[in-house]
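Contents: one structure, followed by commentary.
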Amino acid sequence: MILSTHAVVGGAIASLLPSHPVLVAVAAFASHFAIDAIPHWDYPLRAIKLKRGAHNRGLLADPRFFFELALIGFDACAGLLMAIWLFATPATIVVIVLGALAGMSPDPLRVVHRALPKQPLTTLQRFHRWAHTKRTLSWPLGISSQVLFAASVSWIVLTVG
Ligand SMILES: [Zn+2]
């Protein structure tokens, strides 16, 4: 799933447990793998993905790399702002941000693993790949279903919580 979806789900979890930051971090982190299992669409990261194992030497020379980096940054910031906007109060903003960041974190950890292929990141990365759906939807369906999913989770949490 895209980072925004992970951030909103992480923020939703945090809003249910605002006084338990450790539990929020663990549950939001775990939620990443659970919702990655749902068939979806991810924007392609061609420059970043192709350089696997190539010591990333040509990466900075590839103009797509900066575009993809900006896209990831935009996605993460949008998700963080949405989570804050949806769930945060002045008293809970820190834990909401924690939930959103923990929900997104397995994806940046893949990049860390690329640079530093050591345990426990190797096992985490293997688990991430295993948990991730093998079905890629077409982008119109794969994006609209994520919007619908994030909206439903938010709606449920905001009405129940
Ligand atoms: Zn993921």
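By convention here, the chains of the structure tokens are called A, B, ... in the order presented, each chain's residues are numbered starting at 1, and ligands are numbered starting at 1 in the order presented.
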
Spatial neighbours of Trp155 of chain A, max dist 10 Å, only C-alpha atoms, sep filter under 5 positions, as a short mmCIF file (atom, residue, chain, number, x, y, z; two decimals) with C-alpha atoms, in the first residue's frame:
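Saved the output as around_18.cif:
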data_model
loop_
_atom_site.label_atom_id
_atom_site.label_comp_id
_atom_site.auth_asym_id
_atom_site.auth_seq_id
_atom_site.Cartn_x
_atom_site.Cartn_y
_atom_site.Cartn_z
CA ALA A 12 -6.40 5.35 13.51
CA LEU A 86 -8.40 13.08 11.16
CA PHE A 149 -10.24 1.44 2.65
CA ALA A 150 -8.52 4.33 4.48
CA VAL A 160 -16.56 3.83 17.50
CA GLY A 161 -13.67 5.53 19.27
#

Who sits within 12 Å of segment 128-143 of chain A, only C-alpha atoms, same chain under 2 positions skipped, as an mmCIF file with all heavy atoms, in the first residue's frame:
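Result file follows (part-v3.cif):
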data_model
loop_
_atom_site.group_PDB
_atom_site.id
_atom_site.type_symbol
_atom_site.label_atom_id
_atom_site.label_comp_id
_atom_site.auth_asym_id
_atom_site.auth_seq_id
_atom_site.Cartn_x
_atom_site.Cartn_y
_atom_site.Cartn_z
ATOM 1 N N MET A 1 0.843 -1.182 0.000
ATOM 2 C CA MET A 1 0.000 0.000 0.000
ATOM 3 C C MET A 1 0.888 1.245 0.000
ATOM 4 O O MET A 1 2.040 1.183 0.411
ATOM 5 C CB MET A 1 -0.864 0.007 1.272
ATOM 6 C CG MET A 1 -1.831 -1.162 1.343
ATOM 7 S SD MET A 1 -3.468 -0.690 0.815
ATOM 8 C CE MET A 1 -4.378 -2.176 1.175
ATOM 9 N N ILE A 2 0.289 2.358 -0.440
ATOM 10 C CA ILE A 2 1.081 3.585 -0.437
ATOM 11 C C ILE A 2 1.229 4.082 1.009
ATOM 12 O O ILE A 2 0.480 3.684 1.903
ATOM 13 C CB ILE A 2 0.475 4.662 -1.361
ATOM 14 C CG1 ILE A 2 -0.907 5.100 -0.892
ATOM 15 C CG2 ILE A 2 0.416 4.168 -2.811
ATOM 16 C CD1 ILE A 2 -1.420 6.330 -1.639
ATOM 17 N N LEU A 3 2.203 4.950 1.230
ATOM 18 C CA LEU A 3 2.518 5.382 2.592
ATOM 19 C C LEU A 3 1.347 6.104 3.253
ATOM 20 O O LEU A 3 1.120 5.942 4.456
ATOM 21 C CB LEU A 3 3.754 6.289 2.572
ATOM 22 C CG LEU A 3 5.055 5.575 2.187
ATOM 23 C CD1 LEU A 3 6.188 6.585 2.015
ATOM 24 C CD2 LEU A 3 5.432 4.524 3.225
ATOM 25 N N SER A 4 0.592 6.888 2.485
ATOM 26 C CA SER A 4 -0.548 7.611 3.065
ATOM 27 C C SER A 4 -1.534 6.653 3.724
ATOM 28 O O SER A 4 -2.037 6.928 4.813
ATOM 29 C CB SER A 4 -1.296 8.383 1.977
ATOM 30 O OG SER A 4 -0.451 9.287 1.353
ATOM 31 N N THR A 5 -1.816 5.545 3.047
ATOM 32 C CA THR A 5 -2.761 4.569 3.598
ATOM 33 C C THR A 5 -2.212 4.008 4.912
ATOM 34 O O THR A 5 -2.937 3.905 5.912
ATOM 35 C CB THR A 5 -2.989 3.422 2.585
ATOM 36 O OG1 THR A 5 -3.289 3.991 1.311
ATOM 37 C CG2 THR A 5 -4.119 2.522 3.023
ATOM 38 N N PHE A 29 2.923 -0.779 13.584
ATOM 39 C CA PHE A 29 3.967 -1.463 12.806
ATOM 40 C C PHE A 29 3.403 -2.760 12.220
ATOM 41 O O PHE A 29 3.565 -3.055 11.036
ATOM 42 C CB PHE A 29 5.169 -1.737 13.726
ATOM 43 C CG PHE A 29 6.376 -2.278 13.032
ATOM 44 C CD1 PHE A 29 7.223 -1.430 12.334
ATOM 45 C CD2 PHE A 29 6.696 -3.629 13.106
ATOM 46 C CE1 PHE A 29 8.358 -1.915 11.694
ATOM 47 C CE2 PHE A 29 7.824 -4.129 12.466
ATOM 48 C CZ PHE A 29 8.658 -3.272 11.759
ATOM 49 N N ALA A 30 2.703 -3.539 13.060
ATOM 50 C CA ALA A 30 2.124 -4.810 12.612
ATOM 51 C C ALA A 30 1.040 -4.583 11.559
ATOM 52 O O ALA A 30 0.879 -5.385 10.627
ATOM 53 C CB ALA A 30 1.559 -5.577 13.807
ATOM 54 N N SER A 31 0.307 -3.479 11.688
ATOM 55 C CA SER A 31 -0.781 -3.206 10.736
ATOM 56 C C SER A 31 -0.245 -3.056 9.316
ATOM 57 O O SER A 31 -0.945 -3.358 8.347
ATOM 58 C CB SER A 31 -1.543 -1.937 11.135
ATOM 59 O OG SER A 31 -0.844 -0.757 10.747
ATOM 60 N N HIS A 32 1.003 -2.607 9.192
ATOM 61 C CA HIS A 32 1.600 -2.425 7.871
ATOM 62 C C HIS A 32 1.538 -3.731 7.068
ATOM 63 O O HIS A 32 1.119 -3.757 5.919
ATOM 64 C CB HIS A 32 3.046 -1.953 8.011
ATOM 65 C CG HIS A 32 3.695 -1.653 6.697
ATOM 66 N ND1 HIS A 32 3.947 -0.375 6.269
ATOM 67 C CD2 HIS A 32 4.118 -2.471 5.698
ATOM 68 C CE1 HIS A 32 4.490 -0.417 5.062
ATOM 69 N NE2 HIS A 32 4.617 -1.680 4.698
ATOM 70 N N PHE A 33 1.951 -4.830 7.730
ATOM 71 C CA PHE A 33 2.023 -6.120 7.040
ATOM 72 C C PHE A 33 0.621 -6.649 6.761
ATOM 73 O O PHE A 33 0.367 -7.240 5.709
ATOM 74 C CB PHE A 33 2.840 -7.108 7.873
ATOM 75 C CG PHE A 33 4.195 -6.565 8.231
ATOM 76 C CD1 PHE A 33 4.472 -6.062 9.491
ATOM 77 C CD2 PHE A 33 5.201 -6.521 7.268
ATOM 78 C CE1 PHE A 33 5.715 -5.526 9.796
ATOM 79 C CE2 PHE A 33 6.446 -5.987 7.556
ATOM 80 C CZ PHE A 33 6.701 -5.497 8.823
ATOM 81 N N ALA A 34 -0.288 -6.432 7.723
ATOM 82 C CA ALA A 34 -1.661 -6.926 7.559
ATOM 83 C C ALA A 34 -2.322 -6.273 6.344
ATOM 84 O O ALA A 34 -2.951 -6.957 5.534
ATOM 85 C CB ALA A 34 -2.465 -6.655 8.830
ATOM 86 N N ILE A 35 -2.171 -4.962 6.192
ATOM 87 C CA ILE A 35 -2.895 -4.321 5.081
ATOM 88 C C ILE A 35 -2.125 -4.417 3.761
ATOM 89 O O ILE A 35 -2.726 -4.309 2.704
ATOM 90 C CB ILE A 35 -3.349 -2.876 5.401
ATOM 91 C CG1 ILE A 35 -2.187 -1.914 5.515
ATOM 92 C CG2 ILE A 35 -4.208 -2.835 6.646
ATOM 93 C CD1 ILE A 35 -2.661 -0.465 5.656
ATOM 94 N N ASP A 36 -0.817 -4.671 3.838
ATOM 95 C CA ASP A 36 -0.070 -4.943 2.597
ATOM 96 C C ASP A 36 -0.567 -6.235 1.933
ATOM 97 O O ASP A 36 -0.364 -6.445 0.741
ATOM 98 C CB ASP A 36 1.431 -5.084 2.885
ATOM 99 C CG ASP A 36 2.214 -3.815 2.529
ATOM 100 O OD1 ASP A 36 1.599 -2.861 2.024
ATOM 101 O OD2 ASP A 36 3.441 -3.796 2.752
ATOM 102 N N ALA A 37 -1.200 -7.103 2.721
ATOM 103 C CA ALA A 37 -1.686 -8.380 2.192
ATOM 104 C C ALA A 37 -2.929 -8.203 1.325
ATOM 105 O O ALA A 37 -3.297 -9.104 0.573
ATOM 106 C CB ALA A 37 -1.989 -9.339 3.353
ATOM 107 N N ILE A 38 -3.584 -7.053 1.425
ATOM 108 C CA ILE A 38 -4.774 -6.785 0.607
ATOM 109 C C ILE A 38 -4.318 -6.395 -0.805
ATOM 110 O O ILE A 38 -3.442 -5.531 -0.944
ATOM 111 C CB ILE A 38 -5.599 -5.627 1.227
ATOM 112 C CG1 ILE A 38 -5.985 -5.955 2.678
ATOM 113 C CG2 ILE A 38 -6.837 -5.333 0.375
ATOM 114 C CD1 ILE A 38 -6.549 -4.767 3.445
ATOM 115 N N PRO A 39 -4.878 -7.031 -1.839
ATOM 116 C CA PRO A 39 -4.468 -6.660 -3.206
ATOM 117 C C PRO A 39 -4.638 -5.156 -3.440
ATOM 118 O O PRO A 39 -5.647 -4.573 -3.051
ATOM 119 C CB PRO A 39 -5.433 -7.468 -4.091
ATOM 120 C CG PRO A 39 -5.793 -8.647 -3.260
ATOM 121 C CD PRO A 39 -5.835 -8.145 -1.837
ATOM 122 N N HIS A 40 -3.629 -4.517 -4.017
ATOM 123 C CA HIS A 40 -3.653 -3.059 -4.192
ATOM 124 C C HIS A 40 -2.722 -2.666 -5.331
ATOM 125 O O HIS A 40 -2.235 -3.513 -6.068
ATOM 126 C CB HIS A 40 -3.246 -2.370 -2.885
ATOM 127 C CG HIS A 40 -1.879 -2.738 -2.400
ATOM 128 N ND1 HIS A 40 -1.640 -3.850 -1.620
ATOM 129 C CD2 HIS A 40 -0.664 -2.179 -2.618
ATOM 130 C CE1 HIS A 40 -0.349 -3.936 -1.362
ATOM 131 N NE2 HIS A 40 0.279 -2.942 -1.969
ATOM 132 N N TRP A 41 -2.467 -1.400 -5.442
ATOM 133 C CA TRP A 41 -1.543 -0.882 -6.442
ATOM 134 C C TRP A 41 -0.545 0.016 -5.732
ATOM 135 O O TRP A 41 -0.922 0.808 -4.874
ATOM 136 C CB TRP A 41 -2.308 -0.081 -7.500
ATOM 137 C CG TRP A 41 -1.447 0.565 -8.548
ATOM 138 C CD1 TRP A 41 -0.979 -0.001 -9.692
ATOM 139 C CD2 TRP A 41 -0.953 1.921 -8.560
ATOM 140 N NE1 TRP A 41 -0.226 0.903 -10.408
ATOM 141 C CE2 TRP A 41 -0.196 2.092 -9.736
ATOM 142 C CE3 TRP A 41 -1.077 3.003 -7.670
ATOM 143 C CZ2 TRP A 41 0.435 3.300 -10.055
ATOM 144 C CZ3 TRP A 41 -0.455 4.198 -7.997
ATOM 145 C CH2 TRP A 41 0.298 4.330 -9.179
ATOM 146 N N ASP A 42 0.734 -0.121 -6.050
ATOM 147 C CA ASP A 42 1.771 0.773 -5.533
ATOM 148 C C ASP A 42 2.371 1.522 -6.707
ATOM 149 O O ASP A 42 2.541 0.947 -7.781
ATOM 150 C CB ASP A 42 2.882 -0.032 -4.848
ATOM 151 C CG ASP A 42 2.436 -0.608 -3.512
ATOM 152 O OD1 ASP A 42 1.861 0.148 -2.710
ATOM 153 O OD2 ASP A 42 2.674 -1.805 -3.279
ATOM 154 N N TYR A 43 2.691 2.797 -6.512
ATOM 155 C CA TYR A 43 3.336 3.508 -7.610
ATOM 156 C C TYR A 43 4.712 2.896 -7.863
ATOM 157 O O TYR A 43 5.403 2.495 -6.942
ATOM 158 C CB TYR A 43 3.427 5.020 -7.373
ATOM 159 C CG TYR A 43 3.855 5.450 -5.991
ATOM 160 C CD1 TYR A 43 5.193 5.452 -5.619
ATOM 161 C CD2 TYR A 43 2.909 5.863 -5.048
ATOM 162 C CE1 TYR A 43 5.583 5.862 -4.360
ATOM 163 C CE2 TYR A 43 3.288 6.267 -3.780
ATOM 164 C CZ TYR A 43 4.633 6.267 -3.447
ATOM 165 O OH TYR A 43 5.007 6.663 -2.193
ATOM 166 N N PRO A 44 5.083 2.801 -9.151
ATOM 167 C CA PRO A 44 6.353 2.149 -9.460
ATOM 168 C C PRO A 44 7.543 3.005 -9.013
ATOM 169 O O PRO A 44 7.522 4.226 -9.149
ATOM 170 C CB PRO A 44 6.326 2.012 -10.984
ATOM 171 C CG PRO A 44 5.361 3.033 -11.463
ATOM 172 C CD PRO A 44 4.371 3.265 -10.364
ATOM 173 N N SER A 105 6.741 2.793 8.733
ATOM 174 C CA SER A 105 8.178 2.486 8.873
ATOM 175 C C SER A 105 8.683 1.221 8.166
ATOM 176 O O SER A 105 9.843 1.220 7.727
ATOM 177 C CB SER A 105 8.583 2.473 10.345
ATOM 178 O OG SER A 105 7.853 1.491 11.028
ATOM 179 N N PRO A 106 7.891 0.140 8.030
ATOM 180 C CA PRO A 106 8.476 -1.020 7.338
ATOM 181 C C PRO A 106 8.968 -0.718 5.924
ATOM 182 O O PRO A 106 9.907 -1.351 5.447
ATOM 183 C CB PRO A 106 7.336 -2.051 7.340
ATOM 184 C CG PRO A 106 6.561 -1.726 8.568
ATOM 185 C CD PRO A 106 6.584 -0.221 8.635
ATOM 186 N N ASP A 107 8.356 0.272 5.248
ATOM 187 C CA ASP A 107 8.813 0.588 3.889
ATOM 188 C C ASP A 107 10.189 1.274 3.870
ATOM 189 O O ASP A 107 11.076 0.818 3.151
ATOM 190 C CB ASP A 107 7.750 1.372 3.123
ATOM 191 C CG ASP A 107 6.644 0.450 2.607
ATOM 192 O OD1 ASP A 107 6.901 -0.766 2.500
ATOM 193 O OD2 ASP A 107 5.545 0.933 2.334
ATOM 194 N N PRO A 108 10.397 2.348 4.650
ATOM 195 C CA PRO A 108 11.776 2.876 4.707
ATOM 196 C C PRO A 108 12.779 1.860 5.229
ATOM 197 O O PRO A 108 13.956 1.902 4.845
ATOM 198 C CB PRO A 108 11.676 4.093 5.641
ATOM 199 C CG PRO A 108 10.285 4.147 6.132
ATOM 200 C CD PRO A 108 9.438 3.262 5.287
ATOM 201 N N LEU A 109 12.323 0.915 6.070
ATOM 202 C CA LEU A 109 13.259 -0.108 6.569
ATOM 203 C C LEU A 109 13.751 -1.012 5.435
ATOM 204 O O LEU A 109 14.829 -1.603 5.525
ATOM 205 C CB LEU A 109 12.610 -0.944 7.677
ATOM 206 C CG LEU A 109 12.537 -0.258 9.044
ATOM 207 C CD1 LEU A 109 11.810 -1.150 10.042
ATOM 208 C CD2 LEU A 109 13.931 0.084 9.571
ATOM 209 N N ARG A 110 12.955 -1.120 4.352
ATOM 210 C CA ARG A 110 13.420 -1.881 3.184
ATOM 211 C C ARG A 110 14.628 -1.198 2.559
ATOM 212 O O ARG A 110 15.556 -1.858 2.093
ATOM 213 C CB ARG A 110 12.306 -1.990 2.130
ATOM 214 C CG ARG A 110 11.190 -2.881 2.567
ATOM 215 C CD ARG A 110 9.952 -2.611 1.761
ATOM 216 N NE ARG A 110 10.120 -2.981 0.352
ATOM 217 C CZ ARG A 110 9.111 -2.967 -0.518
ATOM 218 N NH1 ARG A 110 7.922 -2.610 -0.134
ATOM 219 N NH2 ARG A 110 9.310 -3.316 -1.748
ATOM 220 N N HIS A 113 17.543 -1.749 4.714
ATOM 221 C CA HIS A 113 18.043 -3.101 4.496
ATOM 222 C C HIS A 113 18.863 -3.202 3.215
ATOM 223 O O HIS A 113 19.851 -3.934 3.152
ATOM 224 C CB HIS A 113 16.878 -4.093 4.448
ATOM 225 C CG HIS A 113 17.301 -5.483 4.094
ATOM 226 N ND1 HIS A 113 17.026 -6.050 2.867
ATOM 227 C CD2 HIS A 113 18.011 -6.411 4.788
ATOM 228 C CE1 HIS A 113 17.542 -7.265 2.837
ATOM 229 N NE2 HIS A 113 18.136 -7.517 3.978
ATOM 230 N N LEU A 121 17.111 -7.037 10.002
ATOM 231 C CA LEU A 121 16.422 -6.459 8.845
ATOM 232 C C LEU A 121 16.162 -7.492 7.754
ATOM 233 O O LEU A 121 15.150 -7.433 7.060
ATOM 234 C CB LEU A 121 17.242 -5.291 8.278
ATOM 235 C CG LEU A 121 17.345 -4.040 9.164
ATOM 236 C CD1 LEU A 121 18.288 -3.026 8.544
ATOM 237 C CD2 LEU A 121 15.971 -3.431 9.384
ATOM 238 N N THR A 122 17.084 -8.465 7.614
ATOM 239 C CA THR A 122 16.922 -9.473 6.564
ATOM 240 C C THR A 122 15.660 -10.292 6.800
ATOM 241 O O THR A 122 14.861 -10.501 5.878
ATOM 242 C CB THR A 122 18.164 -10.390 6.529
ATOM 243 O OG1 THR A 122 19.308 -9.551 6.373
ATOM 244 C CG2 THR A 122 18.096 -11.374 5.384
ATOM 245 N N THR A 123 15.461 -10.726 8.034
ATOM 246 C CA THR A 123 14.265 -11.507 8.368
ATOM 247 C C THR A 123 13.015 -10.653 8.201
ATOM 248 O O THR A 123 12.004 -11.104 7.647
ATOM 249 C CB THR A 123 14.353 -12.015 9.822
ATOM 250 O OG1 THR A 123 15.556 -12.785 9.933
ATOM 251 C CG2 THR A 123 13.171 -12.879 10.185
ATOM 252 N N LEU A 124 13.104 -9.403 8.654
ATOM 253 C CA LEU A 124 11.959 -8.501 8.535
ATOM 254 C C LEU A 124 11.599 -8.290 7.073
ATOM 255 O O LEU A 124 10.423 -8.320 6.688
ATOM 256 C CB LEU A 124 12.298 -7.153 9.181
ATOM 257 C CG LEU A 124 11.125 -6.177 9.249
ATOM 258 C CD1 LEU A 124 10.119 -6.622 10.304
ATOM 259 C CD2 LEU A 124 11.602 -4.772 9.545
ATOM 260 N N GLN A 125 12.619 -8.125 6.238
ATOM 261 C CA GLN A 125 12.408 -7.891 4.813
ATOM 262 C C GLN A 125 11.795 -9.126 4.146
ATOM 263 O O GLN A 125 10.916 -9.021 3.303
ATOM 264 C CB GLN A 125 13.757 -7.507 4.170
ATOM 265 C CG GLN A 125 13.739 -7.327 2.673
ATOM 266 C CD GLN A 125 12.673 -6.363 2.209
ATOM 267 O OE1 GLN A 125 12.079 -5.641 2.996
ATOM 268 N NE2 GLN A 125 12.393 -6.376 0.927
ATOM 269 N N ARG A 126 12.258 -10.311 4.571
ATOM 270 C CA ARG A 126 11.711 -11.557 4.017
ATOM 271 C C ARG A 126 10.230 -11.684 4.403
ATOM 272 O O ARG A 126 9.393 -12.053 3.588
ATOM 273 C CB ARG A 126 12.519 -12.749 4.558
ATOM 274 C CG ARG A 126 12.339 -14.009 3.725
ATOM 275 C CD ARG A 126 13.288 -15.102 4.167
ATOM 276 N NE ARG A 126 14.675 -14.715 4.008
ATOM 277 C CZ ARG A 126 15.671 -15.156 4.783
ATOM 278 N NH1 ARG A 126 15.424 -15.991 5.759
ATOM 279 N NH2 ARG A 126 16.906 -14.774 4.560
ATOM 280 N N SER A 145 -9.503 1.817 -4.334
ATOM 281 C CA SER A 145 -9.810 0.892 -3.239
ATOM 282 C C SER A 145 -9.019 1.268 -1.979
ATOM 283 O O SER A 145 -9.502 1.085 -0.867
ATOM 284 C CB SER A 145 -9.525 -0.553 -3.656
ATOM 285 O OG SER A 145 -8.171 -0.723 -3.980
ATOM 286 N N GLN A 146 -7.814 1.820 -2.155
ATOM 287 C CA GLN A 146 -7.050 2.251 -0.968
ATOM 288 C C GLN A 146 -7.690 3.467 -0.311
ATOM 289 O O GLN A 146 -7.731 3.570 0.920
ATOM 290 C CB GLN A 146 -5.608 2.603 -1.350
ATOM 291 C CG GLN A 146 -4.743 1.380 -1.554
ATOM 292 C CD GLN A 146 -3.273 1.734 -1.703
ATOM 293 O OE1 GLN A 146 -2.663 2.321 -0.827
ATOM 294 N NE2 GLN A 146 -2.688 1.349 -2.815
ATOM 295 N N VAL A 147 -8.192 4.394 -1.141
ATOM 296 C CA VAL A 147 -8.861 5.579 -0.598
ATOM 297 C C VAL A 147 -10.095 5.138 0.180
ATOM 298 O O VAL A 147 -10.332 5.569 1.317
ATOM 299 C CB VAL A 147 -9.247 6.552 -1.734
ATOM 300 C CG1 VAL A 147 -10.110 7.689 -1.207
ATOM 301 C CG2 VAL A 147 -7.996 7.105 -2.408
ATOM 302 N N LEU A 148 -10.854 4.219 -0.429
ATOM 303 C CA LEU A 148 -12.060 3.714 0.201
ATOM 304 C C LEU A 148 -11.721 2.985 1.506
ATOM 305 O O LEU A 148 -12.404 3.146 2.526
ATOM 306 C CB LEU A 148 -12.760 2.754 -0.772
ATOM 307 C CG LEU A 148 -14.234 2.507 -0.515
ATOM 308 C CD1 LEU A 148 -15.031 3.783 -0.748
ATOM 309 C CD2 LEU A 148 -14.745 1.382 -1.433
ATOM 310 N N PHE A 149 -10.659 2.192 1.466
ATOM 311 C CA PHE A 149 -10.240 1.444 2.645
ATOM 312 C C PHE A 149 -9.837 2.394 3.775
ATOM 313 O O PHE A 149 -10.305 2.260 4.909
ATOM 314 C CB PHE A 149 -9.074 0.520 2.265
ATOM 315 C CG PHE A 149 -8.480 -0.210 3.437
ATOM 316 C CD1 PHE A 149 -9.157 -1.256 4.032
ATOM 317 C CD2 PHE A 149 -7.244 0.167 3.943
ATOM 318 C CE1 PHE A 149 -8.617 -1.919 5.127
ATOM 319 C CE2 PHE A 149 -6.695 -0.493 5.027
ATOM 320 C CZ PHE A 149 -7.385 -1.536 5.616
ATOM 321 N N ALA A 150 -8.981 3.377 3.463
ATOM 322 C CA ALA A 150 -8.525 4.331 4.484
ATOM 323 C C ALA A 150 -9.706 5.130 5.031
ATOM 324 O O ALA A 150 -9.801 5.389 6.232
ATOM 325 C CB ALA A 150 -7.471 5.263 3.898
#

Distance criterion (only C-alpha atoms): nearest to Ser19 of chain A out of A:Ile93, A:Leu101, A:Val111, A:Leu158: A:Ile93

Distance criterion (only C-alpha atoms): nearest to Met104 of chain A out of A:Ala76, A:Ala91, A:Phe127, A:Lys49: A:Ala76

Show me, as a PyMOL selection string, the residues that have an atom within 8 Å of Gly11 of chain A when counting only C-alpha atoms, minus same-chain residues fewer than 2 positions from it. chain A and resi 7-9+13-15+28+83-84+87+96-100+103

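Taking atom CA of Ala47 of chain A and atom CA of Phe65 of chain A as the two end points, the separation is 5.2 Å.
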
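Proximity ranking of A:Leu116, A:Leu69, A:Ala61, A:Ala102 relative to ligand 1 places A:Ala102 first, based on only C-alpha atoms and all ligand atoms.
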
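Going from atom CA of Phe67 of chain A over to atom CA of Leu45 of chain A, you cover 9.5 Å.
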
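Between atom CA of Thr92 of chain A and atom CA of Leu17 of chain A there is a distance of 9.7 Å.
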
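Between Pro18 of chain A and the candidates A:Ser144, A:Val157, A:Arg64, A:Val94, the tightest atom-to-atom separation, counting only C-alpha atoms, involves A:Val94.
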